[in-house]
>>> print(open('upload_21.pdb').read())   # PDB, C-alpha atoms and all ligand atoms
ATOM      1  CA  MET A   1      -6.949  19.783   8.792
ATOM      2  CA  ALA A   2      -6.531  22.314   5.944
ATOM      3  CA  PRO A   3      -9.759  23.123   4.046
ATOM      4  CA  ASN A   4      -8.493  21.577   0.798
ATOM      5  CA  THR A   5      -7.730  18.310   2.662
ATOM      6  CA  VAL A   6     -11.329  18.166   3.856
ATOM      7  CA  VAL A   7     -12.550  18.625   0.300
ATOM      8  CA  ALA A   8     -10.177  15.922  -0.947
ATOM      9  CA  ALA A   9     -11.248  13.503   1.807
ATOM     10  CA  THR A  10     -14.938  14.147   1.141
ATOM     11  CA  PHE A  11     -14.418  13.672  -2.569
ATOM     12  CA  ALA A  12     -12.539  10.402  -1.986
ATOM     13  CA  GLY A  13     -15.416   9.252   0.241
ATOM     14  CA  MET A  14     -17.931  10.022  -2.500
ATOM     15  CA  VAL A  15     -15.889   8.129  -5.069
ATOM     16  CA  MET A  16     -15.643   5.112  -2.718
ATOM     17  CA  ALA A  17     -19.373   5.193  -1.930
ATOM     18  CA  GLY A  18     -20.155   5.562  -5.616
ATOM     19  CA  ALA A  19     -17.872   2.653  -6.471
ATOM     20  CA  GLY A  20     -19.836   0.494  -4.008
ATOM     21  CA  VAL A  21     -23.099   1.263  -5.785
ATOM     22  CA  VAL A  22     -21.674   0.657  -9.234
ATOM     23  CA  PHE A  23     -19.449  -2.348  -8.631
ATOM     24  CA  GLY A  24     -20.487  -3.894  -5.277
ATOM     25  CA  ASP A  25     -22.936  -6.754  -5.501
ATOM     26  CA  SER A  26     -23.796  -7.035  -1.808
ATOM     27  CA  PRO A  27     -26.377  -4.597  -0.444
ATOM     28  CA  THR A  28     -25.263  -2.474   2.491
ATOM     29  CA  THR A  29     -26.866  -4.097   5.521
ATOM     30  CA  PRO A  30     -27.753  -1.677   8.328
ATOM     31  CA  VAL A  31     -25.740  -2.147  11.506
ATOM     32  CA  GLU A  32     -27.695  -4.063  14.150
ATOM     33  CA  SER A  33     -28.122  -2.053  17.314
ATOM     34  CA  LEU A  34     -26.605  -3.009  20.665
ATOM     35  CA  ARG A  35     -28.317  -2.115  23.935
ATOM     36  CA  PRO A  36     -26.179   0.072  26.233
ATOM     37  CA  ALA A  37     -25.184  -1.176  29.714
ATOM     38  CA  SER A  38     -27.659   1.298  31.261
ATOM     39  CA  ALA A  39     -30.550  -0.597  29.621
ATOM     40  CA  PHE A  40     -29.955  -3.343  32.219
ATOM     41  CA  ASP A  41     -30.060  -1.080  35.311
ATOM     42  CA  SER A  42     -33.648  -2.120  36.026
ATOM     43  CA  ILE A  43     -32.605  -5.739  36.729
ATOM     44  CA  THR A  44     -32.195  -5.496  40.497
ATOM     45  CA  ASN A  45     -30.708  -8.968  41.051
ATOM     46  CA  GLU A  46     -26.986  -8.447  40.409
ATOM     47  CA  THR A  47     -26.355 -12.020  39.247
ATOM     48  CA  ALA A  48     -29.177 -11.817  36.724
ATOM     49  CA  ARG A  49     -27.983  -8.374  35.617
ATOM     50  CA  SER A  50     -24.441  -9.633  35.080
ATOM     51  CA  GLN A  51     -25.691 -12.574  33.017
ATOM     52  CA  ALA A  52     -27.933 -10.321  30.925
ATOM     53  CA  LEU A  53     -25.029  -7.916  30.286
ATOM     54  CA  PHE A  54     -22.895 -10.803  29.038
ATOM     55  CA  GLU A  55     -25.710 -12.106  26.810
ATOM     56  CA  GLU A  56     -25.895  -8.679  25.160
ATOM     57  CA  ALA A  57     -22.084  -8.501  24.739
ATOM     58  CA  ALA A  58     -22.253 -12.033  23.306
ATOM     59  CA  ARG A  59     -24.286 -10.662  20.385
ATOM     60  CA  VAL A  60     -21.002  -9.067  19.302
ATOM     61  CA  ILE A  61     -18.747 -11.968  20.321
ATOM     62  CA  THR A  62     -20.826 -14.511  18.375
ATOM     63  CA  HIS A  63     -21.127 -12.264  15.294
ATOM     64  CA  PRO A  64     -19.434 -13.633  12.154
ATOM     65  CA  ARG A  65     -16.954 -10.694  12.176
ATOM     66  CA  CYS A  66     -15.487 -12.101  15.414
ATOM     67  CA  MET A  67     -16.276 -15.808  15.040
ATOM     68  CA  ASN A  68     -14.629 -16.161  11.624
ATOM     69  CA  CYS A  69     -11.270 -15.508  13.294
ATOM     70  CA  HIS A  70     -11.966 -17.522  16.478
ATOM     71  CA  PRO A  71     -12.488 -21.062  15.106
ATOM     72  CA  VAL A  72     -12.007 -24.274  17.045
ATOM     73  CA  THR A  73     -10.389 -25.830  13.979
ATOM     74  CA  ARG A  74      -7.205 -24.269  12.608
ATOM     75  CA  THR A  75      -8.807 -22.641   9.598
ATOM     76  CA  PRO A  76     -10.545 -19.232   9.450
ATOM     77  CA  ALA A  77     -14.060 -18.762   8.069
ATOM     78  CA  GLN A  78     -15.445 -16.109   5.724
ATOM     79  CA  GLY A  79     -18.657 -14.229   5.183
ATOM     80  CA  ASP A  80     -21.887 -13.920   7.134
ATOM     81  CA  ASP A  81     -22.561 -17.617   6.408
ATOM     82  CA  ARG A  82     -19.180 -18.534   7.980
ATOM     83  CA  HIS A  83     -18.081 -20.778   5.128
ATOM     84  CA  PRO A  84     -14.536 -22.180   5.295
ATOM     85  CA  HIS A  85     -11.876 -19.723   4.063
ATOM     86  CA  ILE A  86     -11.189 -19.813   0.313
ATOM     87  CA  PRO A  87      -8.442 -20.776  -0.370
ATOM     88  CA  PHE A  88      -8.266 -23.333   2.421
ATOM     89  CA  ILE A  89      -5.759 -22.123   5.037
ATOM     90  CA  ASP A  90      -4.116 -24.576   7.428
ATOM     91  CA  ALA A  91      -2.978 -22.516  10.399
ATOM     92  CA  SER A  92      -2.072 -25.489  12.588
ATOM     93  CA  ALA A  93       1.659 -24.722  12.464
ATOM     94  CA  SER A  94       1.250 -20.968  12.996
ATOM     95  CA  ASP A  95      -1.588 -18.531  13.701
ATOM     96  CA  HIS A  96      -0.043 -16.448  10.898
ATOM     97  CA  GLY A  97      -0.592 -19.193   8.331
ATOM     98  CA  PRO A  98       1.691 -21.799   6.772
ATOM     99  CA  ASP A  99       5.087 -20.894   5.305
ATOM    100  CA  GLY A 100       4.550 -19.500   1.834
ATOM    101  CA  LEU A 101       0.905 -18.602   2.479
ATOM    102  CA  ARG A 102       1.011 -16.230   5.427
ATOM    103  CA  CYS A 103      -2.117 -14.210   6.187
ATOM    104  CA  ALA A 104      -0.118 -11.085   5.354
ATOM    105  CA  ALA A 105       0.423 -12.326   1.797
ATOM    106  CA  CYS A 106      -3.188 -11.308   1.137
ATOM    107  CA  HIS A 107      -4.340  -9.345   4.193
ATOM    108  CA  GLY A 108      -2.618  -5.951   4.215
ATOM    109  CA  PRO A 109      -2.480  -3.375   7.003
ATOM    110  CA  ASP A 110      -5.875  -1.948   5.937
ATOM    111  CA  ASN A 111      -9.033  -3.096   4.191
ATOM    112  CA  ARG A 112      -8.574  -2.946   0.438
ATOM    113  CA  THR A 113     -11.522  -2.243  -1.830
ATOM    114  CA  ILE A 114     -11.459  -4.196  -5.087
ATOM    115  CA  LEU A 115     -13.315  -2.470  -7.872
ATOM    116  CA  GLY A 116     -15.184  -4.515 -10.414
ATOM    117  CA  SER A 117     -14.764  -7.794  -8.558
ATOM    118  CA  ARG A 118     -17.269 -10.130  -6.920
ATOM    119  CA  LEU A 119     -15.073  -9.789  -3.833
ATOM    120  CA  THR A 120     -15.765  -6.195  -2.879
ATOM    121  CA  SER A 121     -12.819  -5.985  -0.484
ATOM    122  CA  ILE A 122     -10.054  -7.887   1.281
ATOM    123  CA  PRO A 123     -10.101  -7.235   5.015
ATOM    124  CA  GLY A 124      -6.870  -5.982   6.545
ATOM    125  CA  ASN A 125      -5.120  -5.050   9.774
ATOM    126  CA  PRO A 126      -1.412  -4.940  10.734
ATOM    127  CA  HIS A 127      -1.989  -7.798  13.233
ATOM    128  CA  TRP A 128      -4.204  -9.969  11.038
ATOM    129  CA  SER A 129      -3.845 -13.578  12.263
ATOM    130  CA  LEU A 130      -5.962 -16.425  13.576
ATOM    131  CA  ALA A 131      -6.954 -16.449  17.266
ATOM    132  CA  PRO A 132      -4.969 -19.199  19.039
ATOM    133  CA  GLN A 133      -6.519 -22.653  19.532
ATOM    134  CA  SER A 134      -7.328 -21.999  23.214
ATOM    135  CA  MET A 135      -9.432 -18.971  22.169
ATOM    136  CA  GLY A 136     -11.641 -20.894  19.704
ATOM    137  CA  TRP A 137     -15.348 -20.045  20.116
ATOM    138  CA  GLN A 138     -17.161 -21.485  17.086
ATOM    139  CA  GLY A 139     -19.989 -23.796  18.165
ATOM    140  CA  LEU A 140     -19.732 -22.894  21.878
ATOM    141  CA  SER A 141     -22.717 -21.501  23.805
ATOM    142  CA  PRO A 142     -22.431 -17.946  25.217
ATOM    143  CA  GLY A 143     -22.095 -19.545  28.698
ATOM    144  CA  ASP A 144     -19.137 -21.674  27.606
ATOM    145  CA  ILE A 145     -17.477 -18.771  25.773
ATOM    146  CA  CYS A 146     -17.950 -16.715  28.956
ATOM    147  CA  LYS A 147     -16.184 -19.310  31.151
ATOM    148  CA  GLN A 148     -13.355 -19.595  28.622
ATOM    149  CA  LEU A 149     -12.936 -15.805  28.429
ATOM    150  CA  LYS A 150     -12.461 -15.599  32.200
ATOM    151  CA  ASP A 151      -9.947 -18.474  32.337
ATOM    152  CA  PRO A 152      -6.353 -17.136  32.230
ATOM    153  CA  ALA A 153      -5.173 -20.584  31.070
ATOM    154  CA  ARG A 154      -7.245 -20.113  27.894
ATOM    155  CA  ASN A 155      -7.468 -16.332  27.429
ATOM    156  CA  GLY A 156      -3.776 -15.536  26.968
ATOM    157  CA  GLY A 157      -3.101 -14.975  30.676
ATOM    158  CA  ARG A 158      -5.443 -11.983  30.928
ATOM    159  CA  SER A 159      -6.955 -10.553  34.107
ATOM    160  CA  LEU A 160     -10.537  -9.288  34.018
ATOM    161  CA  THR A 161      -9.174  -5.737  33.761
ATOM    162  CA  ASP A 162      -7.086  -6.814  30.751
ATOM    163  CA  LEU A 163     -10.281  -8.132  29.123
ATOM    164  CA  ILE A 164     -11.968  -4.737  29.508
ATOM    165  CA  ARG A 165      -8.965  -3.067  27.886
ATOM    166  CA  HIS A 166      -8.909  -5.642  25.062
ATOM    167  CA  ALA A 167     -12.624  -5.101  24.346
ATOM    168  CA  ASN A 168     -12.211  -1.313  24.303
ATOM    169  CA  GLU A 169      -8.852  -0.878  22.591
ATOM    170  CA  ASP A 170      -7.718  -3.933  20.611
ATOM    171  CA  HIS A 171      -7.278  -3.261  16.891
ATOM    172  CA  LEU A 172      -8.578  -6.611  15.645
ATOM    173  CA  VAL A 173     -11.655  -6.131  17.825
ATOM    174  CA  ALA A 174     -12.034  -2.602  16.390
ATOM    175  CA  TRP A 175     -11.872  -3.949  12.838
ATOM    176  CA  ALA A 176     -15.237  -5.719  13.350
ATOM    177  CA  TRP A 177     -17.002  -2.304  13.142
ATOM    178  CA  HIS A 178     -14.978  -1.239  10.078
ATOM    179  CA  PRO A 179     -14.859  -4.536   8.176
ATOM    180  CA  GLY A 180     -14.545  -3.120   4.669
ATOM    181  CA  GLN A 181     -16.950  -2.924   1.787
ATOM    182  CA  GLY A 182     -19.346  -5.869   1.353
ATOM    183  CA  ARG A 183     -19.222  -7.037   4.987
ATOM    184  CA  THR A 184     -21.812  -6.460   7.749
ATOM    185  CA  PRO A 185     -20.305  -4.709  10.796
ATOM    186  CA  ALA A 186     -20.738  -6.167  14.304
ATOM    187  CA  PRO A 187     -23.779  -4.816  16.235
ATOM    188  CA  GLY A 188     -23.569  -1.343  17.792
ATOM    189  CA  ASP A 189     -20.130   0.183  18.185
ATOM    190  CA  GLN A 190     -16.936  -0.685  20.054
ATOM    191  CA  ALA A 191     -17.509   1.806  22.902
ATOM    192  CA  THR A 192     -20.958   0.329  23.683
ATOM    193  CA  PHE A 193     -19.481  -3.184  23.537
ATOM    194  CA  GLY A 194     -16.554  -2.196  25.796
ATOM    195  CA  ALA A 195     -18.956  -0.631  28.309
ATOM    196  CA  LEU A 196     -21.080  -3.832  28.358
ATOM    197  CA  VAL A 197     -17.957  -5.919  29.091
ATOM    198  CA  ALA A 198     -16.914  -3.485  31.849
ATOM    199  CA  ALA A 199     -20.428  -3.553  33.398
ATOM    200  CA  TRP A 200     -20.524  -7.379  33.214
ATOM    201  CA  ILE A 201     -17.201  -7.526  35.080
ATOM    202  CA  GLY A 202     -18.340  -4.797  37.499
ATOM    203  CA  THR A 203     -21.355  -6.937  38.457
ATOM    204  CA  GLY A 204     -19.207  -9.993  39.255
ATOM    205  CA  ALA A 205     -18.612 -11.367  35.734
ATOM    206  CA  VAL A 206     -21.313 -14.022  36.162
ATOM    207  CA  CYS A 207     -21.670 -16.374  33.184
ATOM    208  CA  PRO A 208     -25.061 -17.297  31.675
ATOM    209  CA  GLU A 209     -26.146 -20.912  32.369
TER     210      GLU A 209
HETATM  211  C1  LIG B   1      -8.374 -11.109  12.233
HETATM  212  C2  LIG B   1      -8.710 -12.066  13.255
HETATM  213  C3  LIG B   1      -9.494 -11.629  14.467
HETATM  214  C4  LIG B   1     -10.698 -10.979  14.515
HETATM  215  C5  LIG B   1     -11.489 -10.442  13.353
HETATM  216  C6  LIG B   1     -11.076 -10.922  15.919
HETATM  217  N1  LIG B   1     -10.121 -11.507  16.685
HETATM  218 FE1  LIG B   1     -10.137 -11.665  18.711
HETATM  219  N2  LIG B   1      -8.264 -12.434  18.680
HETATM  220  C7  LIG B   1      -7.507 -12.655  17.540
HETATM  221  C8  LIG B   1      -6.162 -13.040  17.926
HETATM  222  C9  LIG B   1      -5.013 -13.326  16.974
HETATM  223  C10 LIG B   1      -6.137 -13.058  19.330
HETATM  224  C11 LIG B   1      -4.957 -13.370  20.228
HETATM  225  C12 LIG B   1      -4.125 -12.145  20.360
HETATM  226  C13 LIG B   1      -3.738 -11.856  21.738
HETATM  227  O1  LIG B   1      -3.825 -12.715  22.632
HETATM  228  O2  LIG B   1      -3.335 -10.688  21.965
HETATM  229  C14 LIG B   1      -7.471 -12.679  19.780
HETATM  230  C15 LIG B   1      -7.857 -12.575  21.105
HETATM  231  C16 LIG B   1      -9.085 -12.135  21.539
HETATM  232  C17 LIG B   1      -9.489 -12.020  22.934
HETATM  233  C18 LIG B   1      -8.677 -12.317  24.158
HETATM  234  C19 LIG B   1      -8.525 -13.736  24.470
HETATM  235  C20 LIG B   1      -9.738 -14.523  24.708
HETATM  236  O3  LIG B   1     -10.270 -15.151  23.760
HETATM  237  O4  LIG B   1     -10.182 -14.559  25.852
HETATM  238  C21 LIG B   1     -10.746 -11.530  22.959
HETATM  239  C22 LIG B   1     -11.602 -11.234  24.179
HETATM  240  C23 LIG B   1     -11.125 -11.307  21.575
HETATM  241  N3  LIG B   1     -10.094 -11.689  20.739
HETATM  242  C24 LIG B   1     -12.324 -10.774  21.194
HETATM  243  C25 LIG B   1     -12.691 -10.514  19.878
HETATM  244  C26 LIG B   1     -13.951  -9.894  19.507
HETATM  245  C27 LIG B   1     -15.043  -9.494  20.490
HETATM  246  C28 LIG B   1     -13.931  -9.758  18.150
HETATM  247  C29 LIG B   1     -14.981  -9.122  17.274
HETATM  248  C30 LIG B   1     -15.535  -7.845  17.705
HETATM  249  C31 LIG B   1     -12.659 -10.303  17.685
HETATM  250  N4  LIG B   1     -11.949 -10.758  18.753
HETATM  251  C32 LIG B   1     -12.262 -10.353  16.350
HETATM  252  C33 LIG B   1      -7.935 -12.546  16.249
HETATM  253  C34 LIG B   1      -9.124 -11.932  15.855
HETATM  254  C1  LIG B   2      -4.420 -16.299  -0.657
HETATM  255  C2  LIG B   2      -4.874 -15.097   0.012
HETATM  256  C3  LIG B   2      -5.282 -15.212   1.473
HETATM  257  C4  LIG B   2      -4.549 -15.731   2.529
HETATM  258  C5  LIG B   2      -3.169 -16.375   2.515
HETATM  259  C6  LIG B   2      -5.369 -15.552   3.706
HETATM  260  N1  LIG B   2      -6.547 -14.932   3.377
HETATM  261 FE1  LIG B   2      -8.100 -14.507   4.615
HETATM  262  N2  LIG B   2      -9.171 -13.737   3.061
HETATM  263  C7  LIG B   2      -8.708 -13.602   1.767
HETATM  264  C8  LIG B   2      -9.718 -12.926   0.982
HETATM  265  C9  LIG B   2      -9.612 -12.563  -0.476
HETATM  266  C10 LIG B   2     -10.796 -12.655   1.847
HETATM  267  C11 LIG B   2     -12.136 -11.977   1.513
HETATM  268  C12 LIG B   2     -13.098 -13.020   1.048
HETATM  269  C13 LIG B   2     -14.527 -12.622   1.156
HETATM  270  O1  LIG B   2     -14.838 -11.625   1.814
HETATM  271  O2  LIG B   2     -15.360 -13.354   0.601
HETATM  272  C14 LIG B   2     -10.423 -13.201   3.142
HETATM  273  C15 LIG B   2     -11.250 -13.180   4.242
HETATM  274  C16 LIG B   2     -10.855 -13.601   5.508
HETATM  275  C17 LIG B   2     -11.706 -13.590   6.675
HETATM  276  C18 LIG B   2     -13.175 -13.231   6.682
HETATM  277  C19 LIG B   2     -13.545 -11.959   7.315
HETATM  278  C20 LIG B   2     -15.038 -11.964   7.509
HETATM  279  O3  LIG B   2     -15.464 -11.737   8.642
HETATM  280  O4  LIG B   2     -15.778 -12.214   6.557
HETATM  281  C21 LIG B   2     -10.957 -14.038   7.726
HETATM  282  C22 LIG B   2     -11.413 -14.195   9.156
HETATM  283  C23 LIG B   2      -9.652 -14.334   7.223
HETATM  284  N3  LIG B   2      -9.622 -14.090   5.872
HETATM  285  C24 LIG B   2      -8.618 -14.792   7.993
HETATM  286  C25 LIG B   2      -7.396 -15.179   7.503
HETATM  287  C26 LIG B   2      -6.300 -15.632   8.338
HETATM  288  C27 LIG B   2      -6.346 -15.670   9.849
HETATM  289  C28 LIG B   2      -5.277 -15.970   7.504
HETATM  290  C29 LIG B   2      -3.939 -16.569   7.872
HETATM  291  C30 LIG B   2      -3.948 -17.662   8.835
HETATM  292  C31 LIG B   2      -5.739 -15.707   6.136
HETATM  293  N4  LIG B   2      -7.027 -15.225   6.190
HETATM  294  C32 LIG B   2      -4.989 -15.937   4.978
HETATM  295  C33 LIG B   2      -7.513 -14.048   1.286
HETATM  296  C34 LIG B   2      -6.530 -14.689   2.022
END
>>> encode(input="upload_21.pdb", output="C-alpha cells", more="lines below")
Ligand code: HEC
Ligand code: HEC
Amino acid sequence: MAPNTVVAATFAGMVMAGAGVVFGDSPTTPVESLRPASAFDSITNETARSQALFEEAARVITHPRCMNCHPVTRTPAQGDDRHPHIPFIDASASDHGPDGLRCAACHGPDNRTILGSRLTSIPGNPHWSLAPQSMGWQGLSPGDICKQLKDPARNGGRSLTDLIRHANEDHLVAWAWHPGQGRTPAPGDQATFGALVAAWIGTGAVCPE
C-alpha cells in the first residue's frame, strides 16, 4: 500500500469513528471473549470434552448476530433483543424475500453507515438472505441445534468437514464479527470459533444433552 493510501485510510477510519461518537446513539459494547479450544484440553473424558467444546461454540451460534438470520418462522429478527424485522418481511416464498421487497433492496454488498439517523447502519453482504427453514435455530437448545447441524438432511447436505469449512470461511458467518456500527459483534473472533468447531468434530462431534 502506498504511504498516502495509508494516511487516507487512517483518516477515513477517524472520520467514521468520530461520526459514531457524534451521531450514534448506541454505546459500543465490548466484544465478549470466547475461550480457545486449548482451554478444554484438561477435560480428559473425550465425550465430555466434545460436549464442552460445542457448548462454547454455541455461545456464537446462539448470539443474536447469527440467530436473527436463522429463525424457525420465515421472518428475520433484528437487534440484540431479537425483535421481528421492521418492516415485516415474509420470506416464505423465497429466502431472498418476496417479489418487490428482496433483501437486496435494502441490504447492499457491505454494511452502510447512516449518519444522523437512529439506525446507525444497515447490515450488508453480497449473499444476504434468510437461512432456509431446515436451518432454523431460534428457540432450540444447544443440544438440538447440534443434532440439526450434523444432519445432512437439514444442514444443506454438508459433511462434518464441510461444516468446519463453513465455520471458518463463510462470508455470512464472517459478517457476525463485522456487523456494522451500532451492533454488538459475536463473541471472540471467527478463527477461534472455527477452531472450536474443528476440535468438537475432532473429538467425535458429541452433542450436549
Ligand atoms: C444474513 C443472514 C445470515 C447470518 C447473519 C448468518 N447466517 Fe448462517 N446461513 C445463512 C444462509 C442463507 C444459510 C444457507 C446457505 C448455504 O446453505 O450455503 C446459512 C447456513 C448456515 C450453516 C450451515 C447449515 C446449517 O445450519 O447446518 C451454518 C453452520 C451457519 N449458517 C452458521 C452461522 C453462524 C455460526 C452465524 C453467526 C456467526 C451465521 N450463520 C450467521 C444466513 C445467515
Ligand atoms: C425495506 C428494507 C429491508 C428489506 C427488504 C430487508 N431488510 Fe433486513 N434490515 C433492514 C434495516 C434497515 C436493518 C437494520 C435495522 C436495525 O439495525 O435496527 C435490517 C436488519 C436486518 C437484520 C438484523 C441484523 C442484526 O443482527 O441485528 C437481519 C437478520 C435482516 N435485516 C435480514 C433480512 C433478510 C434475510 C431480508 C430478506 C429476506 C431482509 N432483511 C430484508 C432493512 C431491510
>>> atom_distance(input="upload_21.pdb", atom1="atom C32 of ligand LIG 1 (chain B)", atom2="CA of Val206 in chain A")
22.1 Å
>>> atom_distance(input="upload_21.pdb", atom1="CA of Asn155 in chain A", atom2="atom C25 of ligand LIG 2 (chain B)")
20.0 Å
>>> closest_residue(input="upload_21.pdb", among="A:Arg35, A:His85, A:His166, A:Arg183", to="ligand LIG 1 (chain B)", atoms="only C-alpha atoms and all ligand atoms")
A:His166
>>> residues_around(input="upload_21.pdb", residues="range 185-199 of chain A", least_positions_apart="4", cutoff="7 Å", atoms="all atoms listed in the file", output="ChimeraX atom specification")
/A:31-34,36-37,53-54,57,60,63,65,164,167-168,174,176-179,203
>>> residues_around(input="upload_21.pdb", residues="range 98-115 of chain A", least_positions_apart="5", cutoff="9 Å", atoms="only C-alpha atoms", output="number ranges by chain")
A: 16, 19-20, 23-24, 89-93, 120-130, 178-181
>>> atom_distance(input="upload_21.pdb", atom1="atom C10 of ligand LIG 2 (chain B)", atom2="CA of Pro84 in chain A")
10.8 Å
>>> closest_residue(input="upload_21.pdb", among="A:Gln51, A:Asn68, A:Thr75, A:Thr44", to="ligand LIG 1 (chain B)", atoms="only C-alpha atoms and all ligand atoms")
A:Asn68
>>> closest_residue(input="upload_21.pdb", among="A:Glu209, A:Asp144, A:Asp95, A:Asp80", to="ligand LIG 1 (chain B)", atoms="only C-alpha atoms and all ligand atoms")
A:Asp95
>>> axis_aligned_box(input="upload_21.pdb", around="range 29-42 of chain A", padding_each_side="5 Å", output="AutoDock Vina command-line options")
--center_x -29.4 --center_y -1.4 --center_z 20.8 --size_x 18.5 --size_y 15.4 --size_z 40.5
>>> closest_residue(input="upload_21.pdb", among="A:Ser38, A:Ile43, A:Ala48, A:Leu172", to="ligand LIG 2 (chain B)", atoms="all atoms listed in the file")
A:Leu172
>>> closest_residue(input="upload_21.pdb", among="A:Gly79, A:Gly202, A:Gly116, A:Pro152", to="ligand LIG 1 (chain B)", atoms="all atoms listed in the file")
A:Pro152
>>> closest_residue(input="upload_21.pdb", among="A:Leu119, A:Gly139, A:Pro132, A:Ser50", to="Arg82 in chain A", atoms="only C-alpha atoms")
A:Gly139
>>> residues_around(input="upload_21.pdb", residues="Ala52 in chain A", least_positions_apart="4", cutoff="8 Å", atoms="all atoms listed in the file", output="list in words")
Phe40, Ala48, Glu56 and Pro208 of chain A
>>> decode(input="upload_21.pdb", residues="range 84-138 of chain A", atoms="C-alpha atoms", output="mmCIF file, in the first residue's frame")
data_model
loop_
_atom_site.group_PDB
_atom_site.id
_atom_site.type_symbol
_atom_site.label_atom_id
_atom_site.label_comp_id
_atom_site.auth_asym_id
_atom_site.auth_seq_id
_atom_site.Cartn_x
_atom_site.Cartn_y
_atom_site.Cartn_z
ATOM 1 C CA PRO A 84 -39.220 -9.074 14.495
ATOM 2 C CA HIS A 85 -37.719 -7.349 11.429
ATOM 3 C CA ILE A 86 -39.098 -3.874 10.679
ATOM 4 C CA PRO A 87 -40.637 -3.733 8.119
ATOM 5 C CA PHE A 88 -42.171 -7.182 8.444
ATOM 6 C CA ILE A 89 -40.593 -9.478 5.831
ATOM 7 C CA ASP A 90 -42.381 -12.628 4.685
ATOM 8 C CA ALA A 91 -39.685 -14.894 3.285
ATOM 9 C CA SER A 92 -41.912 -17.957 2.948
ATOM 10 C CA ALA A 93 -41.805 -17.886 -0.862
ATOM 11 C CA SER A 94 -38.060 -17.199 -1.081
ATOM 12 C CA ASP A 95 -35.121 -16.899 1.319
ATOM 13 C CA HIS A 96 -34.297 -13.715 -0.622
ATOM 14 C CA GLY A 97 -37.596 -12.088 0.323
ATOM 15 C CA PRO A 98 -40.879 -11.589 -1.523
ATOM 16 C CA ASP A 99 -41.018 -10.176 -5.057
ATOM 17 C CA GLY A 100 -40.732 -6.414 -4.846
ATOM 18 C CA LEU A 101 -39.129 -6.471 -1.391
ATOM 19 C CA ARG A 102 -35.990 -8.542 -1.827
ATOM 20 C CA CYS A 103 -33.380 -8.401 0.930
ATOM 21 C CA ALA A 104 -31.025 -6.797 -1.588
ATOM 22 C CA ALA A 105 -33.398 -3.849 -1.995
ATOM 23 C CA CYS A 106 -32.102 -2.635 1.375
ATOM 24 C CA HIS A 107 -29.119 -4.838 2.250
ATOM 25 C CA GLY A 108 -26.198 -3.941 -0.020
ATOM 26 C CA PRO A 109 -22.925 -5.799 -0.526
ATOM 27 C CA ASP A 110 -21.408 -4.089 2.552
ATOM 28 C CA ASN A 111 -22.553 -2.549 5.816
ATOM 29 C CA ARG A 112 -23.673 1.021 5.249
ATOM 30 C CA THR A 113 -23.283 3.611 7.982
ATOM 31 C CA ILE A 114 -26.154 6.091 8.172
ATOM 32 C CA LEU A 115 -25.138 9.406 9.643
ATOM 33 C CA GLY A 116 -27.573 11.325 11.771
ATOM 34 C CA SER A 117 -30.117 8.521 11.956
ATOM 35 C CA ARG A 118 -31.400 6.437 14.858
ATOM 36 C CA LEU A 119 -30.437 3.449 12.709
ATOM 37 C CA THR A 120 -26.665 3.708 12.806
ATOM 38 C CA SER A 121 -26.160 1.278 9.925
ATOM 39 C CA ILE A 122 -27.804 -1.193 7.564
ATOM 40 C CA PRO A 123 -26.001 -4.528 7.589
ATOM 41 C CA GLY A 124 -24.838 -5.837 4.230
ATOM 42 C CA ASN A 125 -23.209 -8.742 2.424
ATOM 43 C CA PRO A 126 -23.370 -9.901 -1.225
ATOM 44 C CA HIS A 127 -25.163 -13.109 -0.113
ATOM 45 C CA TRP A 128 -27.552 -11.530 2.385
ATOM 46 C CA SER A 129 -30.596 -13.834 2.671
ATOM 47 C CA LEU A 130 -32.519 -15.798 5.270
ATOM 48 C CA ALA A 131 -31.219 -19.228 6.338
ATOM 49 C CA PRO A 132 -33.534 -21.909 4.891
ATOM 50 C CA GLN A 133 -36.373 -23.326 7.014
ATOM 51 C CA SER A 134 -34.470 -26.553 7.788
ATOM 52 C CA MET A 135 -31.644 -24.467 9.324
ATOM 53 C CA GLY A 136 -33.888 -22.557 11.768
ATOM 54 C CA TRP A 137 -32.396 -22.404 15.285
ATOM 55 C CA GLN A 138 -34.426 -19.838 17.244
#
